[in-house]
Amino acid sequence: MRKRRTTGLRAAVVAALCGLVAVVAGPAGPVRAAAPEPAHTVGDITGFEADGPVYHLEAGAARARVSFVSQRTFRVELAPDGTFTDPTGKDIVLPQGTPPPTHWRDAGDAYEMSTGKVTLRAFKAPLRFELRRADGSLVWSEAKGITWDKDTTTQTLAPGGEEQFYGAGMQNGRGNTSHRGKTVEVGVDDHWDDGGHPNSVPFYLSSAGYGVFRNTYAPNTYAFQDPVTTTAKERRFDAYYFAGPSRKDVIGQYTDLTGKPFLPPLYGLEIGDSDCYLHNANRGERHTLDSLKIADDYVRKDMPNGWMLVNDGYGCGYENLAETSKGLGDRKMKLGLWTEDGIDKLADQVKAGQRIAKLDVAWVGDGYKFALDGCKDAYRGIEDNSDARGFTWAPESWAGAQRCGVQWSGDQSGSWENIRWQIPTYAGATLSGLAYTTGDVDGIFKGSPKTYVRDLEWKSFLPAMMTMDGWAESDKQPYRYGEPYTAISRKYLKLKESLLPYMYSYAAEATRSGVGPVRPLSLEYPDDPKAATDAATYEFLTGEDFLVAPVYQDTETRDGIYLPKGTWVDYWTGRTYHGPTTVNGYHAPLDTLPLFVKAGASVPMWPGITSYQDRNADSPLAWDVYPQGRSSFTLYEDDGVTRAHRKGGSSTQRVKVVAPRSGAGDVRIGVGAAHGAFQGKQTARPYRFTVHTGDAPRGVELAGRSLPRLRSASAFAAADAGWYYDPDDRAGVVRIKTASRSTGQAFALTLKGASAVGGR
C-alpha cells in the first residue's frame, strides 16, 4: 500500500475550506429564513493512496474511491463528508470475479490509474476525472469536478461534437434515437403514457463508446445538453463506468455487473391473455373455471395463446386453481396469476400449476428497492416450487430487473397515438439491458378493430405480448371483432409462432451478451448518422434480420421508412431495396405490416404450428433463406420449459450460406451438425427450405446428389423430398424439402445456376 499527501500552502487552505458552507452576512435586522445550501464543487486533491485495484483520494473533507472491476469496468464513489455509504448493498450489483491487475503513476498534474485497456486520470487541482483508452484516445472528460448540495450530487461532462446518448431504461415515447439535447428523468412514476418512465434504469450509453450506471435507488435526472449533467437525488456519488469498444460491448459489461436477461420459457414468447373471472365487477359473476371457455374459444378459432392470467382485476380472487391449471394444460396453455396483494401464497399457487406471476404497483411500493425485490422474489418463488423457469411481468422496475422478468409499460387506451409512441419505447429499452419490454395489445381501455389489428401486427415482433380484458367495451381477445380482423390477427400470431426458433435463439443470445432481440437501428448501424435521428424513430429491428415499420395512423400508406445500408427485401412481395434509402408511399392495407428482411438472412422457422407444443419428434425445421454473399445463423434449442439449460442441456446448429453478392451463381447452404444434448432433442428431422433467388436454378443437389424437380405445388406437397420453383411467390422462391436426416450429421445443399436474392 502506498500513500501520498499533497503539500504546500494551497493544499492547506483547500483542506481547511473544502466542504464548508459559505455564509453571507446581511444588514442587522429581523432574523431571516436560512438560505438554501449552495452547491459545492469538490476541491483539490489533498491525499492519494493506492491499495491494489482500489485507490483512495482525499479532497479536504471529501473522500473519493476508485475500484477496478475488470479491464474496462470501474467504480467511482465520492462521499462529501468522508463517509461512504451503499444503500443498494448486494441488491443490484452481482458478485464479480477477481479484479484486474492495475498500476498507477504520478503524472504531475494528475494521478493516472490504469489497466491494460483504460487509464482513469484524476487531475489534482481541482479533482476532476478523465477516461482514456490504452492508445491515449479520449473516452470522456469531466467539464468540472463533482458537485453536491444537501439533496443531490451531479457529474458534469463535456460532450463530443457528434456524441449521442441513449438508455435510461424504458422511456415512454422515446429511446431508440438519441437523447442529445434532451433531459431524461429516471425514477419510477405512475405515468404510463407518452412521457412516462415507469421502468426507467439509472444507466446511459454514449456513442463515444462508454456507459455509466449510477448505483442507487434514488431518482436521477440526465440533461444531455452542453455540458452534460447527470444528477442523482442523494448526497453521495456512486457510479460504475464501462468502456467499449462497441455499444453492444458496453451493454454486455453493464449486464455482467447487474445480471444478464433471463431466458423465458417458450410459452413466455407466445401471446398471453389476462382477465378476472371470479367476482368481475365489469363482466358479471363468473368463476375461475370459466376461463376454460375462453381457452376453448382460442382452440376453436385456431388462434395461438400460450398462457392465461385468470385473476387480473382489483379484488379478483381465484378458486379451483389446480383444476383450472390442468384444464389450461389440456389446451396447451399455462396458468398465470396477478399478485395484487403480495406473494405470500406463491408457493402453494405454483404447486397448483401457476407458471406466470404478474406484479402490481400496489404492493411493490414506490418502484425502487421494493419493485426489484418483488421481481426477484416472485421469480425465485416459481423456481423454488417447480421445475419451471421463473417468469414475471412488472409495471415498475429498476436496474437488475432484466434478470427476472418482462417490463410492461402499464395501462393505456387503444388509440393511434398510443401505437405511435410505443414504437420507439421498447427498442430503446434494449439499450439499457432490458431484453423483454412490451405493452397490452390495443391497450386496456377503449380501442377499435383497426387499432387492435395494427397494434397486434407489430407487437407480434416483440418477444412478449399480452391482451388484457374486462376494462373496455369489448374484450381484447384477438377474435372479438370478427372478420376480417380475426383472420388478420390469426395470420400474425401464427407467424409469431413459426418464428419462435428465431426469437428463441436471440433470447438465448441475450443471456450471453445482454442485448435483447428487439433493437434500434442505432445499435446495429452505429456509423449511420440517420439511425440516431427522427428518421428512425418509428421503426425497429427484430434480431439483425427483420426491420419492422408499423403503421400508426388510420391510413393504408406508410411514409418515411428508413432502410439502412444493405439490400432489403419486402417480406410480402419480394421486392428489393438498396439502402441507405427512405421509402415513401409504401402500400399497407390493413392486413399488411411493413416488414423487410435483410439480404443474407437465414431464418429458422417451425412451420404450421399454433403452439410450440404442437412440435413432435418428426416435425420439420424450416429455413427461410435470402442468399447474398457469405452469411450464417446459429440456431439455439433446449427443452423450452425447465432449467436444465443452465446445466448444459441445450444444442446449437449453424447454417452457413455462400452465394453471389449479386446476380447469377450457385447458392450453397451448409447445415452443420447439432452440437449438444437435452431431453427431447430431435435425433433426426426433415428439413424445409425457401430460398429467395428470384430465378429458377438448373438443379438442386443434396450431399452431391440431385434432388428431383417437382412441377407443381401439389406435387411438392405430396413428395417426401425434392424441389419446386414458384415464380409467383414473392418474386420467385425455390422450395426444397428433404427426408428425415440425422441432426448429428452435417449436410449441404447446392442450387446450381441460381442467383443472389433479387435474381439474375
# chains A, B, ... in the order shown; residues from 1 in each chain; ligands from 1

$ select_by_dssp --residues "segment 564-650 of chain A" --states "helix (DSSP H, G or I)" --output "list in words"
Tyr612, Gln613, Asp614, Ala644, His645, Arg646 and Lys647 of chain A

$ closest_atom_pairs --of "segment 222-312 of chain A" --to "segment 499-507 of chain A" --cutoff "12 Å" --atoms "only C-alpha atoms" --output "CSV"
residue,atom,partner,partner_atom,distance
A:Lys260,CA,A:Ala507,CA,10.9
A:Pro261,CA,A:Ala507,CA,8.4
A:Phe262,CA,A:Ala507,CA,8.4
A:Leu263,CA,A:Ala507,CA,6.2
A:Pro264,CA,A:Ala507,CA,7.6
A:Pro265,CA,A:Tyr504,CA,9.0
A:Leu266,CA,A:Tyr504,CA,7.4
A:Tyr267,CA,A:Leu500,CA,9.8
A:Gly268,CA,A:Tyr504,CA,10.2
A:Leu269,CA,A:Leu500,CA,7.4
A:Glu270,CA,A:Leu500,CA,8.4
A:Ile271,CA,A:Leu500,CA,11.6

$ write_last_selection --atoms "N, CA, C and O atoms" --output "mmCIF file, in the first residue's frame"
data_model
loop_
_atom_site.group_PDB
_atom_site.id
_atom_site.type_symbol
_atom_site.label_atom_id
_atom_site.label_comp_id
_atom_site.auth_asym_id
_atom_site.auth_seq_id
_atom_site.Cartn_x
_atom_site.Cartn_y
_atom_site.Cartn_z
ATOM 1 N N LYS A 260 -27.443 -10.720 -16.423
ATOM 2 C CA LYS A 260 -27.906 -10.918 -17.789
ATOM 3 C C LYS A 260 -29.420 -11.116 -17.805
ATOM 4 O O LYS A 260 -30.009 -11.582 -16.827
ATOM 5 N N PRO A 261 -30.072 -10.772 -18.917
ATOM 6 C CA PRO A 261 -31.501 -11.069 -19.034
ATOM 7 C C PRO A 261 -31.770 -12.565 -18.867
ATOM 8 O O PRO A 261 -30.973 -13.406 -19.288
ATOM 9 N N PHE A 262 -32.883 -12.873 -18.223
ATOM 10 C CA PHE A 262 -33.273 -14.268 -18.038
ATOM 11 C C PHE A 262 -33.698 -14.860 -19.382
ATOM 12 O O PHE A 262 -33.996 -14.137 -20.341
ATOM 13 N N LEU A 263 -33.733 -16.166 -19.466
ATOM 14 C CA LEU A 263 -34.221 -16.851 -20.665
ATOM 15 C C LEU A 263 -35.663 -17.274 -20.412
ATOM 16 O O LEU A 263 -35.923 -18.157 -19.587
ATOM 17 N N PRO A 264 -36.629 -16.669 -21.088
ATOM 18 C CA PRO A 264 -38.021 -17.035 -20.851
ATOM 19 C C PRO A 264 -38.303 -18.458 -21.323
ATOM 20 O O PRO A 264 -37.632 -18.977 -22.223
ATOM 21 N N PRO A 265 -39.316 -19.095 -20.764
ATOM 22 C CA PRO A 265 -39.797 -20.350 -21.354
ATOM 23 C C PRO A 265 -40.441 -20.045 -22.704
ATOM 24 O O PRO A 265 -40.829 -18.904 -22.981
ATOM 25 N N LEU A 266 -40.589 -21.060 -23.525
ATOM 26 C CA LEU A 266 -41.172 -20.837 -24.846
ATOM 27 C C LEU A 266 -42.587 -20.260 -24.766
ATOM 28 O O LEU A 266 -42.968 -19.405 -25.576
ATOM 29 N N TYR A 267 -43.376 -20.701 -23.767
ATOM 30 C CA TYR A 267 -44.726 -20.146 -23.669
ATOM 31 C C TYR A 267 -44.687 -18.667 -23.332
ATOM 32 O O TYR A 267 -45.632 -17.925 -23.623
ATOM 33 N N GLY A 268 -43.592 -18.194 -22.738
ATOM 34 C CA GLY A 268 -43.447 -16.771 -22.453
ATOM 35 C C GLY A 268 -43.241 -15.931 -23.696
ATOM 36 O O GLY A 268 -43.391 -14.708 -23.656
ATOM 37 N N LEU A 269 -42.893 -16.569 -24.817
ATOM 38 C CA LEU A 269 -42.743 -15.868 -26.085
ATOM 39 C C LEU A 269 -43.990 -15.995 -26.953
ATOM 40 O O LEU A 269 -43.995 -15.537 -28.091
ATOM 41 N N GLU A 270 -45.035 -16.607 -26.416
ATOM 42 C CA GLU A 270 -46.331 -16.661 -27.079
ATOM 43 C C GLU A 270 -47.233 -15.592 -26.471
ATOM 44 O O GLU A 270 -46.983 -15.093 -25.370
ATOM 45 N N ILE A 271 -48.295 -15.230 -27.174
ATOM 46 C CA ILE A 271 -49.223 -14.248 -26.637
ATOM 47 C C ILE A 271 -49.905 -14.812 -25.389
ATOM 48 O O ILE A 271 -50.142 -16.021 -25.283
#

$ residues_around --residues "segment 368-385 of chain A" --least-positions-apart "3" --cutoff "10 Å" --atoms "only C-alpha atoms" --output "number ranges by chain"
A: 87-88, 91-92, 187-188, 199, 201, 216-219, 339, 342-361, 363-365, 388-406, 642-643

$ residues_around --residues "Leu751 of chain A" --least-positions-apart "4" --cutoff "7 Å" --atoms "only C-alpha atoms" --output "list in words"
Asp666, Val667, Arg668, Pro697, Gly699, Val700 and Glu701 of chain A

$ closest_residue --among "A:Ser742, A:Asn220, A:Ser651, A:Ser602" --to "Phe633 of chain A" --atoms "only C-alpha atoms"
A:Ser602

$ residues_around --residues "Tyr571 of chain A" --least-positions-apart "6" --cutoff "7 Å" --atoms "only C-alpha atoms" --output "list in words"
Leu595, Phe596 and Val597 of chain A

$ write_last_selection --atoms "N, CA and C atoms" --output "PDB file, in the first residue's frame"
ATOM      1  N   LEU A 595     -42.763  -4.765 -43.519  1.00  0.00           N
ATOM      2  CA  LEU A 595     -41.797  -5.686 -42.935  1.00  0.00           C
ATOM      3  C   LEU A 595     -40.746  -6.022 -43.983  1.00  0.00           C
ATOM      4  N   PHE A 596     -39.482  -5.883 -43.604  1.00  0.00           N
ATOM      5  CA  PHE A 596     -38.376  -6.083 -44.531  1.00  0.00           C
ATOM      6  C   PHE A 596     -37.362  -7.041 -43.916  1.00  0.00           C
ATOM      7  N   VAL A 597     -36.760  -7.840 -44.790  1.00  0.00           N
ATOM      8  CA  VAL A 597     -35.747  -8.805 -44.362  1.00  0.00           C
ATOM      9  C   VAL A 597     -34.427  -8.418 -45.017  1.00  0.00           C
TER      10      VAL A 597
END

$ closest_residue --among "A:Leu289, A:Leu309, A:Val691, A:Val42" --to "Ala125 of chain A" --atoms "only C-alpha atoms"
A:Val42

$ atom_distance --atom1 "atom CA of Thr693 of chain A" --atom2 "atom CA of Ser755 of chain A"
5.3 Å

$ select_by_dssp --residues "segment 220-288 of chain A" --states "strand (DSSP E)" --output "MDAnalysis selection string"
chainID A and resid 220:224 228:232 237:243 272:274

$ atom_distance --atom1 "atom CA of Ala531 of chain A" --atom2 "atom CA of Phe213 of chain A"
23.9 Å

$ closest_residue --among "A:Lys494, A:Ala622, A:Tyr479, A:Leu120" --to "Asp297 of chain A" --atoms "only C-alpha atoms"
A:Tyr479

$ residues_around --residues "Val757 of chain A" --least-positions-apart "4" --cutoff "6 Å" --atoms "only C-alpha atoms" --output "ChimeraX atom specification"
/A:626-627,692-693

$ residues_around --residues "Thr83 of chain A" --least-positions-apart "2" --cutoff "10 Å" --atoms "only C-alpha atoms" --output "list in words"
Ala61, Ala62, Arg63, Ala64, Leu78, Ala79, Pro80, Asp81, Thr85 and Arg236 of chain A

$ closest_residue --among "A:Gly672, A:Ala510, A:Arg760, A:Gly574" --to "Gly252 of chain A" --atoms "only C-alpha atoms"
A:Ala510

$ atom_distance --atom1 "atom CA of Leu749 of chain A" --atom2 "atom CA of Arg685 of chain A"
15.8 Å
